[in-house]
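Asker: Handing over protein_9.pdb, PDB, C-alpha atoms.
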ATOM      1  CA  MET R  50       0.000   0.000   0.000  1.00  0.00           C
ATOM      2  CA  LEU R  51       1.845   3.003  -1.225  1.00  0.00           C
ATOM      3  CA  LEU R  52      -0.813   5.560  -0.415  1.00  0.00           C
ATOM      4  CA  GLY R  53      -1.777   4.180   2.973  1.00  0.00           C
ATOM      5  CA  GLY R  54      -5.454   3.639   2.103  1.00  0.00           C
ATOM      6  CA  PRO R  55      -7.394   0.456   2.619  1.00  0.00           C
ATOM      7  CA  ALA R  56      -6.695  -2.380   0.246  1.00  0.00           C
ATOM      8  CA  ALA R  57      -9.277  -3.155  -2.406  1.00  0.00           C
ATOM      9  CA  PRO R  58     -11.322  -6.247  -1.539  1.00  0.00           C
ATOM     10  CA  ALA R  59     -10.295  -9.425  -3.283  1.00  0.00           C
ATOM     11  CA  LEU R  60     -12.777 -10.858  -5.743  1.00  0.00           C
ATOM     12  CA  ALA R  61     -13.190 -13.784  -3.353  1.00  0.00           C
ATOM     13  CA  ASP R  62     -14.620 -11.321  -0.797  1.00  0.00           C
ATOM     14  CA  VAL R  63     -17.432 -10.241  -3.152  1.00  0.00           C
ATOM     15  CA  PRO R  64     -20.588 -12.369  -2.863  1.00  0.00           C
ATOM     16  CA  ARG R  65     -21.185 -14.633  -5.880  1.00  0.00           C
ATOM     17  CA  GLY R  66     -24.549 -13.041  -6.637  1.00  0.00           C
ATOM     18  CA  LEU R  67     -22.971  -9.624  -6.969  1.00  0.00           C
ATOM     19  CA  GLN R  68     -20.162 -10.988  -9.135  1.00  0.00           C
ATOM     20  CA  LEU R  69     -22.738 -12.477 -11.492  1.00  0.00           C
ATOM     21  CA  TYR R  70     -24.805  -9.285 -11.402  1.00  0.00           C
ATOM     22  CA  ALA R  71     -21.748  -7.235 -12.426  1.00  0.00           C
ATOM     23  CA  GLU R  72     -20.965  -9.745 -15.177  1.00  0.00           C
ATOM     24  CA  ALA R  73     -24.554  -9.550 -16.421  1.00  0.00           C
ATOM     25  CA  ARG R  74     -24.566  -5.766 -16.527  1.00  0.00           C
ATOM     26  CA  ALA R  75     -21.215  -5.668 -18.313  1.00  0.00           C
ATOM     27  CA  ALA R  76     -22.287  -8.294 -20.843  1.00  0.00           C
ATOM     28  CA  GLY R  77     -25.497  -6.403 -21.477  1.00  0.00           C
ATOM     29  CA  LEU R  78     -23.620  -3.166 -22.074  1.00  0.00           C
ATOM     30  CA  ILE R  79     -21.504  -4.718 -24.802  1.00  0.00           C
ATOM     31  CA  GLY R  80     -24.417  -6.513 -26.449  1.00  0.00           C
ATOM     32  CA  GLU R  81     -23.705 -10.052 -25.239  1.00  0.00           C
ATOM     33  CA  THR R  82     -27.371 -10.744 -24.524  1.00  0.00           C
ATOM     34  CA  ASP R  83     -27.100 -14.514 -24.029  1.00  0.00           C
ATOM     35  CA  ARG R  84     -24.190 -14.161 -21.620  1.00  0.00           C
ATOM     36  CA  ALA R  85     -26.050 -11.426 -19.737  1.00  0.00           C
ATOM     37  CA  SER R  86     -29.137 -13.630 -19.483  1.00  0.00           C
ATOM     38  CA  ARG R  87     -27.143 -16.538 -18.066  1.00  0.00           C
ATOM     39  CA  ALA R  88     -25.388 -14.284 -15.577  1.00  0.00           C
ATOM     40  CA  PHE R  89     -28.663 -12.664 -14.464  1.00  0.00           C
ATOM     41  CA  ALA R  90     -30.210 -16.123 -13.978  1.00  0.00           C
ATOM     42  CA  GLY R  91     -27.223 -17.122 -11.860  1.00  0.00           C
ATOM     43  CA  ALA R  92     -27.387 -13.886  -9.890  1.00  0.00           C
ATOM     44  CA  LEU R  93     -31.074 -14.479  -9.125  1.00  0.00           C
ATOM     45  CA  THR R  94     -30.195 -17.894  -7.744  1.00  0.00           C
ATOM     46  CA  ALA R  95     -27.163 -16.698  -5.794  1.00  0.00           C
ATOM     47  CA  ALA R  96     -28.837 -13.549  -4.395  1.00  0.00           C
ATOM     48  CA  PRO R  97     -32.518 -14.467  -4.093  1.00  0.00           C
ATOM     49  CA  GLY R  98     -33.386 -11.623  -1.719  1.00  0.00           C
ATOM     50  CA  ASN R  99     -31.720  -8.841  -3.689  1.00  0.00           C
ATOM     51  CA  ASP R 100     -34.396  -6.614  -5.241  1.00  0.00           C
ATOM     52  CA  VAL R 101     -31.839  -4.706  -7.329  1.00  0.00           C
ATOM     53  CA  VAL R 102     -30.665  -7.924  -8.971  1.00  0.00           C
ATOM     54  CA  ALA R 103     -34.256  -9.072  -9.501  1.00  0.00           C
ATOM     55  CA  GLY R 104     -35.310  -5.697 -10.940  1.00  0.00           C
ATOM     56  CA  GLU R 105     -32.464  -5.604 -13.426  1.00  0.00           C
ATOM     57  CA  ALA R 106     -33.039  -9.265 -14.330  1.00  0.00           C
ATOM     58  CA  LEU R 107     -36.701  -8.454 -14.987  1.00  0.00           C
ATOM     59  CA  ARG R 108     -35.830  -5.523 -17.247  1.00  0.00           C
ATOM     60  CA  HIS R 109     -33.191  -7.512 -19.088  1.00  0.00           C
ATOM     61  CA  GLY R 110     -35.491 -10.511 -19.482  1.00  0.00           C
ATOM     62  CA  ILE R 111     -38.250  -8.372 -20.992  1.00  0.00           C
ATOM     63  CA  VAL R 112     -35.945  -6.534 -23.389  1.00  0.00           C
ATOM     64  CA  ALA R 113     -34.057  -9.684 -24.411  1.00  0.00           C
ATOM     65  CA  GLY R 114     -37.204 -11.785 -24.780  1.00  0.00           C
ATOM     66  CA  GLU R 115     -35.960 -14.159 -22.103  1.00  0.00           C
ATOM     67  CA  TRP R 116     -39.381 -14.890 -20.619  1.00  0.00           C
ATOM     68  CA  PRO R 117     -38.326 -17.537 -18.079  1.00  0.00           C
ATOM     69  CA  LEU R 118     -35.795 -15.069 -16.651  1.00  0.00           C
ATOM     70  CA  ALA R 119     -38.303 -12.209 -16.620  1.00  0.00           C
ATOM     71  CA  LEU R 120     -40.945 -14.376 -14.951  1.00  0.00           C
ATOM     72  CA  ALA R 121     -38.542 -15.670 -12.307  1.00  0.00           C
ATOM     73  CA  ALA R 122     -37.482 -12.122 -11.483  1.00  0.00           C
ATOM     74  CA  ALA R 123     -41.088 -10.889 -11.411  1.00  0.00           C
ATOM     75  CA  GLN R 124     -42.043 -13.686  -9.028  1.00  0.00           C
ATOM     76  CA  ARG R 125     -39.163 -12.770  -6.694  1.00  0.00           C
ATOM     77  CA  LEU R 126     -40.205  -9.123  -6.700  1.00  0.00           C
ATOM     78  CA  GLU R 127     -43.840 -10.076  -6.109  1.00  0.00           C
ATOM     79  CA  VAL R 128     -42.880 -12.076  -3.013  1.00  0.00           C
ATOM     80  CA  ALA R 129     -40.848  -9.093  -1.795  1.00  0.00           C
ATOM     81  CA  GLY R 130     -43.789  -6.763  -2.411  1.00  0.00           C
ATOM     82  CA  THR R 131     -41.815  -4.539  -4.780  1.00  0.00           C
ATOM     83  CA  LEU R 132     -43.127  -5.625  -8.176  1.00  0.00           C
ATOM     84  CA  ALA R 133     -44.004  -2.720 -10.465  1.00  0.00           C
ATOM     85  CA  SER R 134     -46.946  -2.511 -12.845  1.00  0.00           C
ATOM     86  CA  ASP R 135     -45.193  -3.988 -15.883  1.00  0.00           C
ATOM     87  CA  GLY R 136     -44.181  -7.035 -13.888  1.00  0.00           C
ATOM     88  CA  ARG R 137     -47.715  -7.539 -12.594  1.00  0.00           C
ATOM     89  CA  PHE R 138     -49.014  -7.581 -16.147  1.00  0.00           C
ATOM     90  CA  LEU R 139     -46.244  -9.989 -17.128  1.00  0.00           C
ATOM     91  CA  LEU R 140     -47.419 -12.437 -14.436  1.00  0.00           C
ATOM     92  CA  LEU R 141     -51.009 -11.930 -15.556  1.00  0.00           C
ATOM     93  CA  GLY R 142     -50.052 -12.617 -19.173  1.00  0.00           C
ATOM     94  CA  ASP R 143     -48.205 -15.765 -18.188  1.00  0.00           C
ATOM     95  CA  ALA R 144     -51.221 -17.055 -16.255  1.00  0.00           C
ATOM     96  CA  VAL R 145     -53.505 -16.364 -19.235  1.00  0.00           C
ATOM     97  CA  LYS R 146     -51.053 -18.007 -21.641  1.00  0.00           C
ATOM     98  CA  ARG R 147     -51.063 -21.115 -19.454  1.00  0.00           C
ATOM     99  CA  ARG R 148     -54.862 -20.953 -19.140  1.00  0.00           C
ATOM    100  CA  ASP R 149     -54.462 -20.895 -15.367  1.00  0.00           C
ATOM    101  CA  TRP R 150     -57.581 -18.856 -14.676  1.00  0.00           C
ATOM    102  CA  THR R 151     -57.235 -19.052 -10.904  1.00  0.00           C
ATOM    103  CA  ARG R 152     -53.750 -17.564 -11.101  1.00  0.00           C
ATOM    104  CA  ALA R 153     -54.970 -14.993 -13.637  1.00  0.00           C
ATOM    105  CA  GLU R 154     -57.758 -13.877 -11.291  1.00  0.00           C
ATOM    106  CA  ALA R 155     -55.274 -13.645  -8.426  1.00  0.00           C
ATOM    107  CA  ALA R 156     -52.888 -11.588 -10.576  1.00  0.00           C
ATOM    108  CA  LEU R 157     -55.739  -9.242 -11.520  1.00  0.00           C
ATOM    109  CA  ALA R 158     -56.667  -8.816  -7.874  1.00  0.00           C
ATOM    110  CA  ARG R 159     -53.112  -7.680  -7.056  1.00  0.00           C
ATOM    111  CA  ILE R 160     -53.175  -4.839  -9.588  1.00  0.00           C
ATOM    112  CA  PRO R 161     -54.208  -1.694  -7.703  1.00  0.00           C
ATOM    113  CA  ALA R 162     -57.088   0.447  -8.976  1.00  0.00           C
ATOM    114  CA  ASP R 163     -54.780   3.466  -9.234  1.00  0.00           C
ATOM    115  CA  ASP R 164     -52.270   1.643 -11.436  1.00  0.00           C
ATOM    116  CA  PRO R 165     -51.560   3.514 -14.690  1.00  0.00           C
ATOM    117  CA  LEU R 166     -52.746   0.466 -16.650  1.00  0.00           C
ATOM    118  CA  ALA R 167     -55.834  -0.175 -14.490  1.00  0.00           C
ATOM    119  CA  MET R 168     -58.079   1.016 -17.314  1.00  0.00           C
ATOM    120  CA  LEU R 169     -57.347  -2.332 -18.979  1.00  0.00           C
ATOM    121  CA  LEU R 170     -58.608  -4.375 -16.030  1.00  0.00           C
ATOM    122  CA  PRO R 171     -62.328  -4.525 -16.978  1.00  0.00           C
ATOM    123  CA  VAL R 172     -61.452  -5.750 -20.466  1.00  0.00           C
ATOM    124  CA  VAL R 173     -59.030  -8.362 -19.147  1.00  0.00           C
ATOM    125  CA  ARG R 174     -61.550  -9.494 -16.507  1.00  0.00           C
ATOM    126  CA  ALA R 175     -64.227  -9.928 -19.152  1.00  0.00           C
ATOM    127  CA  TRP R 176     -61.807 -11.783 -21.423  1.00  0.00           C
ATOM    128  CA  ILE R 177     -60.791 -14.359 -18.813  1.00  0.00           C
ATOM    129  CA  ALA R 178     -64.277 -14.783 -17.307  1.00  0.00           C
TER     130      ALA R 178
END
Would you write the structure of this file as structure tokens?
Answerer:
Amino acid sequence: MLLGGPAAPALADVPRGLQLYAEARAAGLIGETDRASRAFAGALTAAPGNDVVAGEALRHGIVAGEWPLALAAAQRLEVAGTLASDGRFLLLGDAVKRRDWTRAEAALARIPADDPLAMLLPVVRAWIA
């Protein structure tokens, strides 16, 4: 230590979930979508309670068309109570796609009346009824 400051942490000191999250963000920035998707999936597994990781994985999954990744991230955020409107509609769409009407009704019930997309709720309710 020439300057007398604290030493930088070794990579081994950084939790695996955060390593994978950093890898995913870097891969995404340089256009390596598949690598980013794999790293985000690993980060979700390694850091299951991290809402930042889940939020970025959700965004990446939607943009990259990686629906299993987006759905896994949305489900994590839902459990944490931090899922935004777009994620709620993603879970609703997945339930409808699977013809799981009970899950679709439950997803509809979790979308608040003041949500910016709430105007769509009557149409969706009528469609799945």
Asker: Do you know which residues the PyMOL selection byres ((chain R and resi 132) around 12) returns on this file, as a PyMOL selection string?
Answerer: chain R and resi 100-101+103-105+107-108+119-131+133-140+156+159-161
Asker: At a cut-off of 10 Å from (-60.1, -9.1, -10.5) in the coordinates of the file, what residues are picked up using all atoms listed in the file, written as a short mmCIF file (atom, residue, chain, number, x, y, z; two decimals) with C-alpha atoms, in the coordinates of the input?
Answerer:
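Result went into part_13.cif, see below:
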data_model
loop_
_atom_site.label_atom_id
_atom_site.label_comp_id
_atom_site.auth_asym_id
_atom_site.auth_seq_id
_atom_site.Cartn_x
_atom_site.Cartn_y
_atom_site.Cartn_z
CA ALA R 153 -54.97 -14.99 -13.64
CA GLU R 154 -57.76 -13.88 -11.29
CA ALA R 155 -55.27 -13.64 -8.43
CA ALA R 156 -52.89 -11.59 -10.58
CA LEU R 157 -55.74 -9.24 -11.52
CA ALA R 158 -56.67 -8.82 -7.87
CA ARG R 159 -53.11 -7.68 -7.06
CA ILE R 160 -53.18 -4.84 -9.59
CA PRO R 161 -54.21 -1.69 -7.70
CA LEU R 170 -58.61 -4.38 -16.03
CA PRO R 171 -62.33 -4.53 -16.98
CA VAL R 173 -59.03 -8.36 -19.15
CA ARG R 174 -61.55 -9.49 -16.51
CA ALA R 175 -64.23 -9.93 -19.15
CA ILE R 177 -60.79 -14.36 -18.81
CA ALA R 178 -64.28 -14.78 -17.31
#
Asker: Write out as an mmCIF file with C-alpha atoms, keeping the file's coordinate frame which residues come within 10 Å of Thr82 in chain R when counting all atoms listed in the file, dropping same-chain ones fewer than 3 positions away.
Answerer:
data_model
loop_
_atom_site.group_PDB
_atom_site.id
_atom_site.type_symbol
_atom_site.label_atom_id
_atom_site.label_comp_id
_atom_site.auth_asym_id
_atom_site.auth_seq_id
_atom_site.Cartn_x
_atom_site.Cartn_y
_atom_site.Cartn_z
ATOM 1 C CA ALA R 73 -24.554 -9.550 -16.421
ATOM 2 C CA ARG R 74 -24.566 -5.766 -16.527
ATOM 3 C CA ALA R 76 -22.287 -8.294 -20.843
ATOM 4 C CA GLY R 77 -25.497 -6.403 -21.477
ATOM 5 C CA LEU R 78 -23.620 -3.166 -22.074
ATOM 6 C CA ILE R 79 -21.504 -4.718 -24.802
ATOM 7 C CA ALA R 85 -26.050 -11.426 -19.737
ATOM 8 C CA SER R 86 -29.137 -13.630 -19.483
ATOM 9 C CA ARG R 87 -27.143 -16.538 -18.066
ATOM 10 C CA ALA R 88 -25.388 -14.284 -15.577
ATOM 11 C CA HIS R 109 -33.191 -7.512 -19.088
ATOM 12 C CA GLY R 110 -35.491 -10.511 -19.482
ATOM 13 C CA VAL R 112 -35.945 -6.534 -23.389
ATOM 14 C CA ALA R 113 -34.057 -9.684 -24.411
ATOM 15 C CA GLY R 114 -37.204 -11.785 -24.780
ATOM 16 C CA GLU R 115 -35.960 -14.159 -22.103
#
Asker: Please compute the CA of Tyr70 in chain R-CA of Ala92 in chain R distance, one decimal, in Å.
Answerer: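 Atom-to-atom, CA of Tyr70 in chain R to CA of Ala92 in chain R, that is 5.5 Å.
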Asker: Taking all listed atoms of range 112-121 of chain R, build the axis-aligned box, pad each of the six sides by 6 Å, then write its centre and edge lengths in Å to one decimal as lines of an AutoDock Vina configuration file.
Answerer:
center_x = -37.5
center_y = -12.0
center_z = -18.5
size_x = 18.9
size_y = 23.0
size_z = 24.5
Asker: Taking into account all atoms listed in the file, which residue in the set R:Glu72, R:Trp176, R:Arg65, R:Ala167 is nearest to Val145 in chain R?
Answerer: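 Of R:Glu72, R:Trp176, R:Arg65, R:Ala167, the one nearest Val145 in chain R, counting all atoms listed in the file, is R:Trp176.
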Asker: Quick check, in Å to one decimal: how far apart do CA of Arg152 in chain R and CA of Phe89 in chain R lie?
Answerer: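 A separation of 25.8 Å between them.
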Asker: Between CA of Leu166 in chain R and CA of Asn99 in chain R, what is the distance in Å, rounded to a tenth?
Answerer: 26.4 Å
Asker: Using the partial input, fill out range 66-92 of chain R with N, CA and C atoms; write the result as a PDB file, in the coordinates of the input.
Answerer:
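Resulting contents of out-v1.pdb:
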ATOM      1  N   GLY R  66     -23.426 -13.686  -5.970  1.00  0.00           N
ATOM      2  CA  GLY R  66     -24.549 -13.041  -6.637  1.00  0.00           C
ATOM      3  C   GLY R  66     -24.186 -11.689  -7.210  1.00  0.00           C
ATOM      4  N   LEU R  67     -23.380 -10.940  -6.473  1.00  0.00           N
ATOM      5  CA  LEU R  67     -22.971  -9.624  -6.969  1.00  0.00           C
ATOM      6  C   LEU R  67     -21.942  -9.731  -8.084  1.00  0.00           C
ATOM      7  N   GLN R  68     -21.097 -10.756  -8.027  1.00  0.00           N
ATOM      8  CA  GLN R  68     -20.162 -10.988  -9.135  1.00  0.00           C
ATOM      9  C   GLN R  68     -20.941 -11.259 -10.420  1.00  0.00           C
ATOM     10  N   LEU R  69     -21.936 -12.136 -10.311  1.00  0.00           N
ATOM     11  CA  LEU R  69     -22.738 -12.477 -11.492  1.00  0.00           C
ATOM     12  C   LEU R  69     -23.557 -11.285 -11.969  1.00  0.00           C
ATOM     13  N   TYR R  70     -24.048 -10.490 -11.041  1.00  0.00           N
ATOM     14  CA  TYR R  70     -24.805  -9.285 -11.402  1.00  0.00           C
ATOM     15  C   TYR R  70     -23.902  -8.323 -12.194  1.00  0.00           C
ATOM     16  N   ALA R  71     -22.685  -8.115 -11.717  1.00  0.00           N
ATOM     17  CA  ALA R  71     -21.748  -7.235 -12.426  1.00  0.00           C
ATOM     18  C   ALA R  71     -21.422  -7.801 -13.806  1.00  0.00           C
ATOM     19  N   GLU R  72     -21.233  -9.107 -13.883  1.00  0.00           N
ATOM     20  CA  GLU R  72     -20.965  -9.745 -15.177  1.00  0.00           C
ATOM     21  C   GLU R  72     -22.149  -9.543 -16.120  1.00  0.00           C
ATOM     22  N   ALA R  73     -23.353  -9.708 -15.598  1.00  0.00           N
ATOM     23  CA  ALA R  73     -24.554  -9.550 -16.421  1.00  0.00           C
ATOM     24  C   ALA R  73     -24.676  -8.129 -16.942  1.00  0.00           C
ATOM     25  N   ARG R  74     -24.461  -7.161 -16.090  1.00  0.00           N
ATOM     26  CA  ARG R  74     -24.566  -5.766 -16.527  1.00  0.00           C
ATOM     27  C   ARG R  74     -23.514  -5.443 -17.580  1.00  0.00           C
ATOM     28  N   ALA R  75     -22.286  -5.919 -17.347  1.00  0.00           N
ATOM     29  CA  ALA R  75     -21.215  -5.668 -18.313  1.00  0.00           C
ATOM     30  C   ALA R  75     -21.511  -6.338 -19.643  1.00  0.00           C
ATOM     31  N   ALA R  76     -21.965  -7.578 -19.603  1.00  0.00           N
ATOM     32  CA  ALA R  76     -22.287  -8.294 -20.843  1.00  0.00           C
ATOM     33  C   ALA R  76     -23.418  -7.593 -21.589  1.00  0.00           C
ATOM     34  N   GLY R  77     -24.402  -7.129 -20.852  1.00  0.00           N
ATOM     35  CA  GLY R  77     -25.497  -6.403 -21.477  1.00  0.00           C
ATOM     36  C   GLY R  77     -25.046  -5.121 -22.150  1.00  0.00           C
ATOM     37  N   LEU R  78     -24.121  -4.432 -21.517  1.00  0.00           N
ATOM     38  CA  LEU R  78     -23.620  -3.166 -22.074  1.00  0.00           C
ATOM     39  C   LEU R  78     -22.879  -3.352 -23.389  1.00  0.00           C
ATOM     40  N   ILE R  79     -22.256  -4.504 -23.559  1.00  0.00           N
ATOM     41  CA  ILE R  79     -21.504  -4.718 -24.802  1.00  0.00           C
ATOM     42  C   ILE R  79     -22.272  -5.593 -25.790  1.00  0.00           C
ATOM     43  N   GLY R  80     -23.565  -5.814 -25.499  1.00  0.00           N
ATOM     44  CA  GLY R  80     -24.417  -6.513 -26.449  1.00  0.00           C
ATOM     45  C   GLY R  80     -24.370  -8.025 -26.392  1.00  0.00           C
ATOM     46  N   GLU R  81     -23.752  -8.592 -25.376  1.00  0.00           N
ATOM     47  CA  GLU R  81     -23.705 -10.052 -25.239  1.00  0.00           C
ATOM     48  C   GLU R  81     -24.939 -10.512 -24.463  1.00  0.00           C
ATOM     49  N   THR R  82     -26.074 -10.499 -25.147  1.00  0.00           N
ATOM     50  CA  THR R  82     -27.371 -10.744 -24.524  1.00  0.00           C
ATOM     51  C   THR R  82     -27.468 -12.125 -23.885  1.00  0.00           C
ATOM     52  N   ASP R  83     -27.011 -13.154 -24.581  1.00  0.00           N
ATOM     53  CA  ASP R  83     -27.100 -14.514 -24.029  1.00  0.00           C
ATOM     54  C   ASP R  83     -26.262 -14.649 -22.765  1.00  0.00           C
ATOM     55  N   ARG R  84     -25.059 -14.102 -22.793  1.00  0.00           N
ATOM     56  CA  ARG R  84     -24.190 -14.161 -21.620  1.00  0.00           C
ATOM     57  C   ARG R  84     -24.818 -13.385 -20.469  1.00  0.00           C
ATOM     58  N   ALA R  85     -25.390 -12.230 -20.770  1.00  0.00           N
ATOM     59  CA  ALA R  85     -26.050 -11.426 -19.737  1.00  0.00           C
ATOM     60  C   ALA R  85     -27.220 -12.197 -19.137  1.00  0.00           C
ATOM     61  N   SER R  86     -27.988 -12.864 -19.974  1.00  0.00           N
ATOM     62  CA  SER R  86     -29.137 -13.630 -19.483  1.00  0.00           C
ATOM     63  C   SER R  86     -28.694 -14.744 -18.545  1.00  0.00           C
ATOM     64  N   ARG R  87     -27.652 -15.466 -18.927  1.00  0.00           N
ATOM     65  CA  ARG R  87     -27.143 -16.538 -18.066  1.00  0.00           C
ATOM     66  C   ARG R  87     -26.633 -15.986 -16.738  1.00  0.00           C
ATOM     67  N   ALA R  88     -25.926 -14.866 -16.804  1.00  0.00           N
ATOM     68  CA  ALA R  88     -25.388 -14.284 -15.577  1.00  0.00           C
ATOM     69  C   ALA R  88     -26.513 -13.748 -14.681  1.00  0.00           C
ATOM     70  N   PHE R  89     -27.532 -13.131 -15.268  1.00  0.00           N
ATOM     71  CA  PHE R  89     -28.663 -12.664 -14.464  1.00  0.00           C
ATOM     72  C   PHE R  89     -29.381 -13.841 -13.808  1.00  0.00           C
ATOM     73  N   ALA R  90     -29.563 -14.933 -14.553  1.00  0.00           N
ATOM     74  CA  ALA R  90     -30.210 -16.123 -13.978  1.00  0.00           C
ATOM     75  C   ALA R  90     -29.396 -16.652 -12.794  1.00  0.00           C
ATOM     76  N   GLY R  91     -28.089 -16.690 -12.957  1.00  0.00           N
ATOM     77  CA  GLY R  91     -27.223 -17.122 -11.860  1.00  0.00           C
ATOM     78  C   GLY R  91     -27.272 -16.170 -10.683  1.00  0.00           C
ATOM     79  N   ALA R  92     -27.317 -14.881 -10.961  1.00  0.00           N
ATOM     80  CA  ALA R  92     -27.387 -13.886  -9.890  1.00  0.00           C
ATOM     81  C   ALA R  92     -28.692 -14.003  -9.116  1.00  0.00           C
TER      82      ALA R  92
END
